[in-house]
$ cat entry-v1.txt   # compact mmCIF, C-alpha atoms
# COMPACT_ATOMS: atom_id res chain seq x y z
CA MET A 1 44.00 132.54 -99.12
CA THR A 2 43.69 129.28 -101.09
CA ARG A 3 42.53 126.87 -98.38
CA TRP A 4 39.47 126.15 -100.47
CA ASN A 5 38.21 123.22 -98.39
CA ALA A 6 37.34 125.63 -95.59
CA TRP A 7 35.06 127.91 -97.61
CA VAL A 8 34.22 126.17 -100.94
CA TYR A 9 31.57 123.59 -100.14
CA ARG A 10 30.98 122.28 -103.63
CA ARG A 11 32.78 122.69 -106.96
CA VAL A 12 31.03 121.51 -110.12
CA ASP A 13 33.31 120.98 -113.12
CA SER A 14 31.14 120.62 -116.23
CA VAL A 15 32.66 119.40 -119.51
CA HIS A 16 30.83 120.22 -122.75
CA PRO A 17 32.39 118.74 -125.95
CA LEU A 18 31.56 120.77 -129.07
CA VAL A 19 32.49 120.29 -132.73
CA GLY A 20 35.91 118.80 -133.50
CA GLU A 21 38.45 119.18 -130.71
CA ARG A 22 36.70 122.22 -129.27
CA GLY A 23 34.91 122.05 -125.97
CA ARG A 24 33.62 124.26 -123.19
CA ARG A 25 34.67 123.94 -119.56
CA ARG A 26 32.38 125.45 -116.93
CA GLN A 27 33.00 125.58 -113.18
CA SER A 28 30.66 126.74 -110.46
CA LEU A 29 31.68 127.27 -106.83
CA ASP A 30 29.16 127.01 -104.02
CA CYS A 31 31.16 129.02 -101.51
CA LEU A 32 31.29 131.35 -98.52
CA PRO A 33 33.96 133.99 -99.32
CA THR A 34 35.88 135.10 -96.25
CA PRO A 35 35.19 138.72 -95.18
CA ASP A 36 38.84 139.28 -94.32
CA PRO A 37 40.17 142.85 -94.70
CA ALA A 38 43.54 141.35 -95.68
CA LEU A 39 41.87 140.26 -98.94
CA ALA A 40 40.64 143.75 -99.80
CA PHE A 41 41.46 144.77 -103.35
CA HIS A 42 42.37 148.32 -102.36
CA PRO A 43 45.61 148.32 -100.31
CA GLU A 44 44.44 151.14 -98.03
CA GLU A 45 41.61 148.92 -96.71
CA ARG A 46 43.78 145.91 -95.80
CA GLY A 47 44.70 147.42 -92.44
CA PHE A 48 41.10 147.59 -91.26
CA THR A 49 40.29 145.47 -88.23
CA SER A 50 36.62 144.91 -89.06
CA PRO A 51 35.11 143.70 -92.34
CA HIS A 52 32.22 146.11 -91.73
CA ASP A 53 34.60 148.98 -92.48
CA LEU A 54 35.25 147.71 -96.03
CA ARG A 55 33.74 149.68 -98.89
CA GLY A 56 35.54 148.29 -101.92
CA GLN A 57 35.92 144.78 -103.33
CA ILE A 58 37.21 141.54 -101.85
CA MET A 59 39.53 139.17 -103.72
CA VAL A 60 38.25 135.61 -104.14
CA PRO A 61 40.67 132.93 -105.43
CA LEU A 62 38.79 130.74 -107.90
CA ALA A 63 41.28 128.13 -109.12
CA TYR A 64 44.77 127.48 -110.42
CA ILE A 65 44.53 127.68 -114.23
CA LYS A 66 47.05 126.51 -116.83
CA LYS A 67 49.21 129.27 -118.26
CA GLU A 68 47.61 129.45 -121.67
CA PRO A 69 45.20 131.88 -123.30
CA LEU A 70 41.70 131.70 -121.84
CA ARG A 71 39.60 131.88 -124.99
CA GLU A 72 35.99 133.04 -124.70
CA PHE A 73 36.46 133.42 -120.95
CA ASP A 74 33.38 134.40 -118.96
CA ALA A 75 32.89 134.83 -115.20
CA ARG A 76 29.61 135.52 -113.42
CA GLY A 77 28.65 136.51 -109.91
CA PRO A 78 25.76 135.14 -107.82
CA ASP A 79 23.27 137.50 -109.48
CA GLY A 80 24.38 136.63 -113.01
CA SER A 81 26.33 139.87 -113.48
CA ILE A 82 29.87 139.90 -114.85
CA LEU A 83 32.46 138.92 -112.23
CA PRO A 84 35.67 141.00 -112.56
CA VAL A 85 38.94 139.07 -112.44
CA LEU A 86 42.50 140.26 -111.93
CA GLY A 87 44.84 140.70 -114.89
CA ALA A 88 48.25 139.14 -115.43
CA ALA A 89 50.21 141.89 -113.63
CA ASP A 90 48.12 141.71 -110.45
CA THR A 91 48.04 137.92 -110.56
CA THR A 92 51.84 137.80 -110.79
CA ARG A 93 52.25 140.27 -107.92
CA TYR A 94 49.99 138.28 -105.62
CA GLY A 95 51.63 135.01 -106.65
CA VAL A 96 55.02 136.42 -105.66
CA ALA A 97 53.54 137.63 -102.37
CA MET A 98 52.20 134.14 -101.62
CA VAL A 99 55.60 132.53 -102.20
CA ARG A 100 57.32 135.23 -100.17
CA SER A 101 54.88 134.73 -97.29
CA GLU A 102 55.69 131.02 -97.23
CA LEU A 103 59.43 131.71 -97.23
CA MET A 104 59.05 134.15 -94.33
CA ARG A 105 57.55 131.38 -92.19
CA THR A 106 61.02 129.84 -91.72
CA ASN A 107 63.38 132.65 -92.77
CA SER A 108 64.07 136.02 -91.22
CA HIS A 109 64.23 137.58 -94.66
CA VAL A 110 64.09 136.64 -98.33
CA PRO A 111 67.31 137.24 -100.29
CA ASP A 112 66.92 140.15 -102.66
CA GLY A 113 68.24 138.14 -105.59
CA LEU A 114 65.58 135.50 -105.12
CA LEU A 115 62.53 137.76 -105.55
CA PRO A 116 63.16 138.60 -109.24
CA LEU A 117 63.58 134.88 -109.91
CA ILE A 118 60.30 134.10 -108.15
CA GLU A 119 58.61 136.78 -110.25
CA GLU A 120 60.08 135.21 -113.39
CA ILE A 121 58.74 131.79 -112.42
CA VAL A 122 55.30 133.03 -111.36
CA GLY A 123 54.87 135.42 -114.30
CA PRO A 124 52.76 134.68 -117.36
CA ALA A 125 55.69 133.97 -119.71
CA ARG A 126 56.40 130.27 -120.13
CA ASP A 127 59.70 130.34 -122.07
CA GLU A 128 62.48 128.12 -120.71
CA LYS A 129 60.55 127.33 -117.55
CA SER A 130 59.54 123.84 -116.54
CA LEU A 131 58.72 121.82 -113.47
CA SER A 132 62.13 120.10 -113.57
CA ASP A 133 63.84 123.51 -113.44
CA VAL A 134 61.88 124.39 -110.30
CA ASP A 135 62.80 121.04 -108.76
CA LYS A 136 66.48 121.83 -109.32
CA LEU A 137 66.05 125.29 -107.81
CA VAL A 138 64.41 123.90 -104.65
CA ALA A 139 66.89 121.04 -104.30
CA SER A 140 70.16 122.79 -105.14
CA GLY A 141 69.45 126.49 -105.61
CA CYS A 142 70.38 126.27 -109.31
CA TRP A 143 68.24 127.84 -112.00
CA LEU A 144 69.04 127.21 -115.67
CA GLY A 145 72.60 126.20 -114.85
CA ARG A 146 73.39 129.05 -112.43
CA VAL A 147 73.38 129.12 -108.63
CA ARG A 148 70.67 131.62 -107.73
CA ALA A 149 69.75 130.84 -104.09
CA ASP A 150 70.64 128.90 -100.98
CA PRO A 151 68.40 125.79 -101.09
CA ARG A 152 68.01 125.94 -97.30
CA VAL A 153 65.52 128.81 -97.67
CA PHE A 154 62.97 126.26 -98.95
CA GLU A 155 63.29 123.97 -95.92
CA GLY A 156 60.38 123.77 -93.48
CA ASN A 157 57.88 125.66 -95.63
CA ASP A 158 55.65 125.10 -98.65
CA ALA A 159 57.29 127.65 -100.93
CA GLY A 160 58.77 124.90 -103.09
CA GLU A 161 55.40 123.24 -103.62
CA LEU A 162 53.84 126.61 -104.38
CA LEU A 163 56.51 127.34 -107.01
CA ARG A 164 55.92 123.91 -108.56
CA MET A 165 52.27 124.87 -108.93
CA LEU A 166 52.83 128.43 -110.18
CA VAL A 167 55.44 127.55 -112.79
CA GLY A 168 52.74 126.08 -115.01
CA ARG A 169 49.58 127.67 -113.60
CA PHE A 170 48.33 131.01 -112.35
CA LEU A 171 45.87 131.79 -109.62
CA LEU A 172 42.60 133.06 -111.10
CA ILE A 173 41.26 135.70 -108.70
CA GLY A 174 37.78 137.20 -108.89
CA LEU A 175 36.47 140.34 -107.24
CA ILE A 176 33.17 140.63 -105.37
CA ASP A 177 31.60 143.47 -103.42
CA SER A 178 32.76 143.41 -99.80
CA GLN A 179 29.10 143.48 -98.68
CA ARG A 180 28.61 140.05 -100.29
CA ALA A 181 31.55 138.50 -98.45
CA GLY A 182 30.50 136.29 -95.57
CA SER A 183 27.31 135.11 -97.30
CA ARG A 184 26.93 131.83 -99.16
CA GLN A 185 26.79 132.26 -102.94
CA VAL A 186 27.58 130.61 -106.27
CA LEU A 187 30.35 131.97 -108.50
CA LYS A 188 30.80 130.69 -112.05
CA TYR A 189 33.38 130.89 -114.79
CA SER A 190 33.85 129.17 -118.15
CA TYR A 191 36.27 129.09 -121.07
CA ASP A 192 36.89 127.30 -124.35
CA TRP A 193 38.65 124.01 -123.81
CA HIS A 194 40.75 121.91 -126.18
CA VAL A 195 39.62 118.29 -125.90
CA GLU A 196 42.57 116.52 -124.28
CA GLY A 197 43.41 112.93 -123.46
CA LEU A 198 42.47 111.51 -126.87
CA PRO A 199 44.50 108.33 -127.42
CA PRO A 200 45.78 107.43 -130.91
CA GLN A 201 42.78 106.03 -132.73
CA HIS A 202 43.93 103.05 -134.76
CA PHE A 203 41.77 101.96 -137.66
CA PHE A 204 40.75 98.59 -136.26
CA LEU A 205 39.79 100.09 -132.89
CA SER A 206 37.76 102.76 -134.69
CA LEU A 207 36.14 100.02 -136.78
CA LYS A 208 35.12 98.08 -133.66
CA VAL A 209 33.65 101.24 -132.10
CA ALA A 210 31.80 102.02 -135.33
CA LEU A 211 30.27 98.55 -135.48
CA GLY A 212 29.32 98.66 -131.78
CA TRP A 213 31.78 95.94 -130.79
CA SER A 214 33.89 98.16 -128.54
CA ARG A 215 33.97 101.47 -126.69
CA ARG A 216 36.46 104.30 -126.58
CA THR A 217 38.21 105.26 -123.32
CA ILE A 218 39.36 108.85 -122.88
CA GLU A 219 41.12 110.64 -120.04
CA VAL A 220 39.48 113.77 -118.62
CA PRO A 221 41.84 116.17 -116.79
CA LEU A 222 40.43 117.14 -113.39
CA GLU A 223 40.49 120.88 -112.79
CA ALA A 224 40.90 121.96 -109.15
CA ALA A 225 39.60 118.65 -107.78
CA SER A 226 41.11 119.30 -104.33
CA ALA A 227 39.98 122.94 -104.19
CA ALA A 228 36.63 122.22 -102.54
CA ALA A 229 35.10 120.12 -99.80
CA SER A 230 33.26 118.20 -102.54
CA TYR A 231 34.33 117.94 -106.19
CA HIS A 232 31.70 117.15 -108.84
CA LEU A 233 32.54 116.21 -112.42
CA GLU A 234 29.77 116.45 -115.00
CA PHE A 235 29.93 115.35 -118.62
CA GLN A 236 27.48 116.64 -121.22
CA THR A 237 27.39 113.92 -123.86
CA PRO A 238 27.25 115.20 -127.47
CA PRO A 239 24.13 114.02 -129.34
CA GLU A 240 26.06 111.75 -131.71
CA ALA A 241 27.68 109.80 -128.84
CA ARG A 242 26.71 107.94 -125.67
CA CYS A 243 28.59 107.99 -122.38
CA THR A 244 28.65 104.50 -120.88
CA LEU A 245 30.93 105.33 -117.96
CA LEU A 246 32.32 108.36 -116.17
CA ARG A 247 34.71 107.63 -113.32
CA LEU A 248 36.85 109.56 -110.86
CA PRO A 249 40.12 108.15 -109.47
CA GLY A 250 40.17 106.77 -105.95
CA GLU A 251 38.33 104.21 -103.85
CA SER A 252 34.56 104.27 -103.50
CA GLY A 253 33.17 105.18 -100.11
CA PRO A 254 30.41 107.62 -99.32
CA ASP A 255 31.28 109.32 -102.62
CA SER A 256 29.86 108.32 -105.99
CA LEU A 257 33.03 107.92 -108.04
CA PHE A 258 31.46 106.40 -111.15
CA ASP A 259 28.29 106.78 -113.20
CA ASP A 260 27.31 104.12 -115.75
CA SER A 261 23.69 105.25 -116.14
CA ARG A 262 24.20 106.12 -119.86
CA LYS A 263 22.17 109.28 -119.41
CA PRO A 264 22.87 112.35 -121.61
CA VAL A 265 24.42 114.04 -118.55
CA THR A 266 26.60 111.88 -116.31
CA HIS A 267 27.66 113.06 -112.87
CA VAL A 268 30.22 111.83 -110.34
CA HIS A 269 31.59 113.35 -107.16
CA GLY A 270 34.35 112.77 -104.63
CA HIS A 271 36.56 114.41 -102.02
CA TYR A 272 40.30 115.00 -102.43
CA ASP A 273 42.70 116.46 -99.88
CA GLN A 274 45.34 116.72 -102.63
CA GLN A 275 45.03 117.03 -106.38
CA PRO A 276 44.92 113.44 -107.70
CA GLU A 277 47.71 112.42 -110.07
CA GLU A 278 45.31 110.36 -112.17
CA ASN A 279 42.78 111.85 -114.56
CA GLY A 280 39.12 111.00 -114.73
CA GLU A 281 38.03 108.24 -117.11
CA LEU A 282 35.37 108.60 -119.78
CA VAL A 283 34.05 105.70 -121.85
CA VAL A 284 31.94 106.48 -124.91
CA ASP A 285 30.43 104.60 -127.81
CA LEU A 286 28.01 105.29 -130.64
CA PRO A 287 24.34 104.72 -129.85
CA PHE A 288 22.35 102.59 -132.28
CA ARG A 289 20.12 105.51 -133.12
CA GLY A 290 21.56 107.88 -135.68
CA ILE A 291 24.23 106.90 -138.15
CA ARG A 292 24.60 103.31 -136.92
CA MET A 293 20.91 102.72 -137.58
CA THR A 294 21.22 104.38 -141.00
CA ALA A 295 24.17 102.12 -141.86
CA THR A 296 22.27 99.05 -140.68
CA VAL A 297 19.16 99.91 -142.70
CA ALA A 298 21.24 100.74 -145.78
CA ALA A 299 23.14 97.44 -145.60
CA ALA A 300 19.93 95.47 -144.95
CA PHE A 301 18.09 97.13 -147.88
CA SER A 302 20.99 96.56 -150.30
CA PHE A 303 21.50 92.99 -149.09
CA LEU A 304 17.84 91.94 -149.33
CA THR A 305 17.24 93.75 -152.64
CA THR A 306 20.01 91.95 -154.51
CA LEU A 307 19.57 88.63 -152.68
CA LEU A 308 15.87 88.41 -153.52
CA ALA A 309 16.57 89.38 -157.12
CA LEU A 310 19.03 86.50 -157.34
CA VAL A 311 17.13 83.73 -155.54
CA LEU A 312 13.46 84.40 -156.31
CA PRO A 313 12.33 82.49 -159.41
CA GLY A 314 11.98 84.81 -162.38
CA ALA A 315 12.93 87.96 -160.47
CA GLU A 316 16.17 88.52 -162.38
CA ALA A 317 14.42 88.03 -165.72
CA VAL A 318 11.69 90.56 -164.82
CA TRP A 319 14.29 93.14 -163.77
CA ARG A 320 16.26 92.68 -166.98
CA SER A 321 13.19 92.81 -169.24
CA GLU A 322 11.90 96.06 -167.72
CA PRO A 323 14.97 97.74 -166.15
CA GLU A 324 13.55 101.28 -165.92
CA GLY A 325 11.41 100.63 -162.82
CA PRO A 326 14.01 98.81 -160.68
CA ALA A 327 16.79 101.11 -161.91
CA THR A 328 14.83 104.20 -160.82
CA VAL A 329 14.39 102.83 -157.31
CA LEU A 330 18.03 101.76 -157.12
CA LEU A 331 19.20 105.22 -158.22
CA VAL A 332 16.93 107.16 -155.85
CA ALA A 333 17.89 105.09 -152.79
CA PRO A 334 21.59 106.08 -152.86
CA ALA A 335 20.69 109.77 -153.04
CA VAL A 336 18.46 109.41 -149.97
CA LEU A 337 21.16 107.50 -148.05
CA LEU A 338 23.87 110.00 -148.87
CA ALA A 339 21.67 112.88 -147.70
CA LEU A 340 21.14 111.12 -144.37
CA VAL A 341 24.88 110.76 -143.66
CA ALA A 342 26.09 114.17 -144.79
CA SER A 343 28.60 115.45 -142.25
CA ARG A 344 27.05 117.95 -139.83
CA GLY A 345 30.09 118.24 -137.59
CA GLU A 346 30.72 116.12 -134.54
CA SER A 347 33.03 115.94 -131.57
CA ALA A 348 36.51 114.51 -132.03
CA LEU A 349 35.55 111.94 -129.37
CA VAL A 350 33.76 109.86 -132.03
CA ARG A 351 34.84 111.42 -135.32
CA GLU A 352 36.80 108.44 -136.70
CA PRO A 353 34.09 105.80 -136.00
CA MET A 354 31.45 108.07 -137.54
CA ASN A 355 33.55 108.50 -140.68
CA ILE A 356 33.82 104.72 -140.97
CA LEU A 357 30.03 104.44 -140.74
CA ARG A 358 29.67 107.13 -143.38
CA PHE A 359 31.91 105.04 -145.63
CA ALA A 360 29.76 101.97 -144.90
CA VAL A 361 26.59 103.81 -145.96
CA LEU A 362 28.42 105.16 -149.00
CA SER A 363 29.46 101.63 -149.98
CA SER A 364 25.85 100.44 -149.75
CA ALA A 365 24.69 103.38 -151.83
CA VAL A 366 27.38 102.79 -154.48
CA SER A 367 26.53 99.10 -154.61
CA LEU A 368 22.90 99.95 -155.43
CA PHE A 369 24.10 102.38 -158.08
CA LEU A 370 26.23 99.62 -159.64
CA VAL A 371 23.27 97.25 -159.73
CA ALA A 372 21.17 99.94 -161.44
CA ALA A 373 23.97 100.62 -163.93
CA SER A 374 24.23 96.90 -164.74
CA LEU A 375 20.52 96.85 -165.61
CA VAL A 376 20.52 100.00 -167.72
CA GLY A 377 23.78 99.03 -169.43
CA GLU A 378 22.53 95.48 -170.07
CA LEU A 379 25.56 93.80 -168.54
CA GLN A 380 26.15 90.33 -169.94
CA ASP A 381 25.34 87.09 -168.14
CA GLY A 382 28.06 85.92 -165.80
CA TRP A 383 29.38 89.40 -165.17
CA LEU A 384 25.98 90.57 -163.96
CA GLN A 385 25.55 87.66 -161.54
CA THR A 386 29.12 88.09 -160.26
CA LEU A 387 28.49 91.78 -159.57
CA TRP A 388 25.17 91.12 -157.88
CA TRP A 389 26.56 88.37 -155.69
CA GLY A 390 29.50 90.56 -154.72
CA VAL A 391 27.08 93.32 -153.71
CA THR A 392 24.98 90.81 -151.77
CA VAL A 393 27.93 89.30 -149.90
CA TRP A 394 29.44 92.70 -149.00
CA ASN A 395 26.20 94.15 -147.68
CA GLY A 396 25.36 90.88 -145.93
CA ILE A 397 28.65 90.94 -144.03
CA LEU A 398 28.15 94.60 -143.16
CA PHE A 399 24.56 94.04 -142.01
CA THR A 400 25.54 91.04 -139.87
CA ALA A 401 28.45 92.90 -138.25
CA LEU A 402 26.22 95.86 -137.37
CA LEU A 403 23.50 93.57 -136.03
CA ILE A 404 26.00 91.78 -133.78
CA GLY A 405 27.31 95.15 -132.63
CA ARG A 406 23.84 96.21 -131.60
CA GLN A 407 23.53 93.20 -129.31
CA ILE A 408 26.96 93.85 -127.79
CA SER A 409 26.50 97.59 -127.25
CA GLU A 410 23.08 97.20 -125.64
CA LYS A 411 24.32 94.93 -122.88
CA THR A 412 23.42 96.40 -119.51
CA THR A 413 26.57 95.21 -117.74
CA LEU A 414 29.90 96.91 -118.17
CA ASP A 415 33.26 95.65 -117.00
CA LEU A 416 34.55 98.35 -114.67
CA ALA A 417 37.96 96.75 -114.21
$ encode --input "entry-v1.txt" --output "structure tokens"
Amino acid sequence: MTRWNAWVYRRVDSVHPLVGERGRRRQSLDCLPTPDPALAFHPEERGFTSPHDLRGQIMVPLAYIKKEPLREFDARGPDGSILPVLGAADTTRYGVAMVRSELMRTNSHVPDGLLPLIEEIVGPARDEKSLSDVDKLVASGCWLGRVRADPRVFEGNDAGELLRMLVGRFLLIGLIDSQRAGSRQVLKYSYDWHVEGLPPQHFFLSLKVALGWSRRTIEVPLEAASAAASYHLEFQTPPEARCTLLRLPGESGPDSLFDDSRKPVTHVHGHYDQQPEENGELVVDLPFRGIRMTATVAAAFSFLTTLLALVLPGAEAVWRSEPEGPATVLLVAPAVLLALVASRGESALVREPMNILRFAVLSSAVSLFLVAASLVGELQDGWLQTLWWGVTVWNGILFTALLIGRQISEKTTLDLA
């Protein structure tokens, strides 16, 4: 039933980060569902010898999904219509039947006491169940400290591996018209996804990413990578970020396991006989356009404004003799800068670096406000020059750091090691 490589030619796993830690995961299956009467949804049709006799629906396994609520779940058939999927009760029943079928390959019967335990493991509830508990059951027959089965029933079959899968996941099963079975088609499903794999973002690493000196590496869990003849991972880069590398685990061959094109949509593909233990790798940074450019312009404007006022002959005296004009410009500029960096919501992938850049723009705006206040308030000599030089040095350092970051981030080569 789940030998996907034989009938799923291509599986596209598309990751769409949204605001904060929210995302959207979409999968599409280019497949040829098997017209097997044994997969008929109605039990009375499963004994038919010919698929032409079927009148109801055929069950199509889509993927093993983590046992957690599927928020905003949507499934579509080849014509764009809603694709029905089985509920928890049916999914549990068929999961138990799959494990039982594996056990019957090497056993004349399945002990009656074992079936309720299998149903408990396969069922939707996740309390007190873990992969280590299943390992103990398969190895010694013990479940939560009690002997529940003879471990020899798991020898020579794949029931143990199936239980290891079903303890934390359930088999998502869709239903299609039996007349469509046997023809190539595309089935799709999607659900809200919590952005996973985010490493702890230390301040200095966030600072380097904000300045353009470094990039952020994130793990992307691969969903059903081995459940197709060809697995494709696609990443839709949010507008405030830039993807510099998307990579699948494994060795390069005829497959394209990495994409460093820096395009808004990056795409890699590979083939896996077994689900890889490693996750995919995503490397992102902040493009110069957007808030990094705003921070650079703000620092440059503040730096040059105060520097020229200090070094040009007579400039300081002119500003102090007629402070209304310069003060007006220096008060309007911060308002414009703050409007440009107002938070509009961004993905958690780059939230910390963007907040640092917002602070940088804020510091440039505040520094201009302080210069304007020193003119209007007629700050005394010595204090005024100290303030202006402090503003100049701070914005000069910030401008230089951002300028260096632009040169680093725009390099065309990327270390893939």
$ residues_around --input "entry-v1.txt" --residues "Leu103 (chain A)" --least-positions-apart "2" --cutoff "7 Å" --atoms "only C-alpha atoms" --output "PyMOL selection string"
chain A and resi 99-101+105-107+110+153-154+157+159
$ residues_around --input "entry-v1.txt" --residues "Gly390 (chain A)" --least-positions-apart "4" --cutoff "12 Å" --atoms "only C-alpha atoms" --output "PDB file with C-alpha atoms, in the coordinates of the input"
ATOM      1  CA  SER A 302      20.990  96.560-150.300  1.00  0.00           C
ATOM      2  CA  PHE A 303      21.500  92.990-149.090  1.00  0.00           C
ATOM      3  CA  THR A 306      20.010  91.950-154.510  1.00  0.00           C
ATOM      4  CA  LEU A 307      19.570  88.630-152.680  1.00  0.00           C
ATOM      5  CA  LEU A 310      19.030  86.500-157.340  1.00  0.00           C
ATOM      6  CA  SER A 364      25.850 100.440-149.750  1.00  0.00           C
ATOM      7  CA  SER A 367      26.530  99.100-154.610  1.00  0.00           C
ATOM      8  CA  LEU A 368      22.900  99.950-155.430  1.00  0.00           C
ATOM      9  CA  LEU A 370      26.230  99.620-159.640  1.00  0.00           C
ATOM     10  CA  VAL A 371      23.270  97.250-159.730  1.00  0.00           C
ATOM     11  CA  TRP A 383      29.380  89.400-165.170  1.00  0.00           C
ATOM     12  CA  LEU A 384      25.980  90.570-163.960  1.00  0.00           C
ATOM     13  CA  GLN A 385      25.550  87.660-161.540  1.00  0.00           C
ATOM     14  CA  THR A 386      29.120  88.090-160.260  1.00  0.00           C
ATOM     15  CA  TRP A 394      29.440  92.700-149.000  1.00  0.00           C
ATOM     16  CA  ASN A 395      26.200  94.150-147.680  1.00  0.00           C
ATOM     17  CA  GLY A 396      25.360  90.880-145.930  1.00  0.00           C
ATOM     18  CA  ILE A 397      28.650  90.940-144.030  1.00  0.00           C
TER      19      ILE A 397
END
$ residues_around --input "entry-v1.txt" --residues "region 42-49 of chain A" --least-positions-apart "4" --cutoff "12 Å" --atoms "only C-alpha atoms" --output "list in words"
Pro35, Asp36, Pro37, Ala38, Asp53, Leu54, Arg55, Gly56, Gln57, Ile58, Met59, Asp90, Leu175, Asp177 and Ser178 of chain A
$ write_last_selection --input "entry-v1.txt" --atoms "C-alpha atoms" --output "mmCIF file, in the coordinates of the input"
data_model
loop_
_atom_site.group_PDB
_atom_site.id
_atom_site.type_symbol
_atom_site.label_atom_id
_atom_site.label_comp_id
_atom_site.auth_asym_id
_atom_site.auth_seq_id
_atom_site.Cartn_x
_atom_site.Cartn_y
_atom_site.Cartn_z
ATOM 1 C CA PRO A 35 35.190 138.720 -95.180
ATOM 2 C CA ASP A 36 38.840 139.280 -94.320
ATOM 3 C CA PRO A 37 40.170 142.850 -94.700
ATOM 4 C CA ALA A 38 43.540 141.350 -95.680
ATOM 5 C CA ASP A 53 34.600 148.980 -92.480
ATOM 6 C CA LEU A 54 35.250 147.710 -96.030
ATOM 7 C CA ARG A 55 33.740 149.680 -98.890
ATOM 8 C CA GLY A 56 35.540 148.290 -101.920
ATOM 9 C CA GLN A 57 35.920 144.780 -103.330
ATOM 10 C CA ILE A 58 37.210 141.540 -101.850
ATOM 11 C CA MET A 59 39.530 139.170 -103.720
ATOM 12 C CA ASP A 90 48.120 141.710 -110.450
ATOM 13 C CA LEU A 175 36.470 140.340 -107.240
ATOM 14 C CA ASP A 177 31.600 143.470 -103.420
ATOM 15 C CA SER A 178 32.760 143.410 -99.800
#
$ atom_distance --input "entry-v1.txt" --atom1 "CA of Phe41 (chain A)" --atom2 "CA of Ala75 (chain A)"
17.7 Å
$ axis_aligned_box --input "entry-v1.txt" --around "region 95-111 of chain A" --padding-each-side "6 Å" --output "JSON"
{"center_x": 59.5, "center_y": 133.7, "center_z": -98.9, "size_x": 27.7, "size_y": 19.8, "size_z": 27.4}
$ atom_distance --input "entry-v1.txt" --atom1 "CA of Lys208 (chain A)" --atom2 "CA of Arg292 (chain A)"
12.2 Å
$ atom_distance --input "entry-v1.txt" --atom1 "CA of Glu68 (chain A)" --atom2 "CA of Pro124 (chain A)"
8.5 Å
$ residues_around --input "entry-v1.txt" --residues "Ser206 (chain A)" --least-positions-apart "4" --cutoff "8 Å" --atoms "all atoms listed in the file" --output "count of residues only"
6
$ closest_residue --input "entry-v1.txt" --among "A:Leu357, A:Arg184, A:Leu282, A:Pro78" --to "Leu398 (chain A)" --atoms "all atoms listed in the file"
A:Leu357
$ closest_residue --input "entry-v1.txt" --among "A:Ala97, A:Cys142, A:Leu187, A:Leu131" --to "Arg10 (chain A)" --atoms "all atoms listed in the file"
A:Leu187
$ residues_around --input "entry-v1.txt" --residues "Arg164 (chain A)" --least-positions-apart "5" --cutoff "12 Å" --atoms "all atoms listed in the file" --output "VMD selection string"
chain A and resid 64 99 118 121 to 122 129 to 138 158 to 159 169 to 170
$ closest_residue --input "entry-v1.txt" --among "A:Ala299, A:Val195, A:Leu70, A:Ala317" --to "Pro221 (chain A)" --atoms "only C-alpha atoms"
A:Val195
$ closest_residue --input "entry-v1.txt" --among "A:Leu349, A:Ala63, A:Ala372, A:Leu144" --to "Gly20 (chain A)" --atoms "all atoms listed in the file"
A:Leu349
$ residues_near_point --input "entry-v1.txt" --point "(24.1, 101.5, -121.3)" --cutoff "12 Å" --atoms "all atoms listed in the file" --output "PyMOL selection string"
chain A and resi 215+241-246+259-264+266+283-288+406-415
$ closest_residue --input "entry-v1.txt" --among "A:Gln27, A:Thr91, A:Ser50, A:Ser256" --to "Val186 (chain A)" --atoms "all atoms listed in the file"
A:Gln27
$ closest_residue --input "entry-v1.txt" --among "A:Leu39, A:Leu171, A:Val268, A:Leu248" --to "Val220 (chain A)" --atoms "only C-alpha atoms"
A:Leu248
$ residues_near_point --input "entry-v1.txt" --point "(22.3, 106.4, -137.5)" --cutoff "10 Å" --atoms "only C-alpha atoms" --output "list in words"
Glu240, Leu286, Pro287, Phe288, Arg289, Gly290, Ile291, Arg292, Met293, Thr294, Ala295, Thr296, Val297, Leu340, Val341, Met354, Leu357, Arg358 and Val361 of chain A
$ decode --input "entry-v1.txt" --residues "region 58-64 of chain A" --atoms "N, CA and C atoms" --output "PDB file, in the first residue's frame"
ATOM      1  N   ILE A  58     -11.367   4.854  -4.139  1.00  0.00           N
ATOM      2  CA  ILE A  58     -10.128   4.118  -3.888  1.00  0.00           C
ATOM      3  C   ILE A  58      -9.308   4.897  -2.862  1.00  0.00           C
ATOM      4  N   MET A  59      -8.683   4.182  -1.934  1.00  0.00           N
ATOM      5  CA  MET A  59      -7.813   4.827  -0.946  1.00  0.00           C
ATOM      6  C   MET A  59      -6.418   5.041  -1.537  1.00  0.00           C
ATOM      7  N   VAL A  60      -5.890   6.253  -1.320  1.00  0.00           N
ATOM      8  CA  VAL A  60      -4.560   6.603  -1.815  1.00  0.00           C
ATOM      9  C   VAL A  60      -3.723   7.105  -0.640  1.00  0.00           C
ATOM     10  N   PRO A  61      -2.690   6.361  -0.221  1.00  0.00           N
ATOM     11  CA  PRO A  61      -1.834   6.852   0.872  1.00  0.00           C
ATOM     12  C   PRO A  61      -0.996   8.035   0.380  1.00  0.00           C
ATOM     13  N   LEU A  62      -1.024   9.121   1.125  1.00  0.00           N
ATOM     14  CA  LEU A  62      -0.334  10.335   0.701  1.00  0.00           C
ATOM     15  C   LEU A  62       1.026  10.508   1.374  1.00  0.00           C
ATOM     16  N   ALA A  63       1.083  10.310   2.688  1.00  0.00           N
ATOM     17  CA  ALA A  63       2.351  10.479   3.408  1.00  0.00           C
ATOM     18  C   ALA A  63       2.145  10.104   4.863  1.00  0.00           C
ATOM     19  N   TYR A  64       3.254   9.859   5.553  1.00  0.00           N
ATOM     20  CA  TYR A  64       3.228   9.725   7.001  1.00  0.00           C
ATOM     21  C   TYR A  64       3.392  11.126   7.595  1.00  0.00           C
TER      22      TYR A  64
END
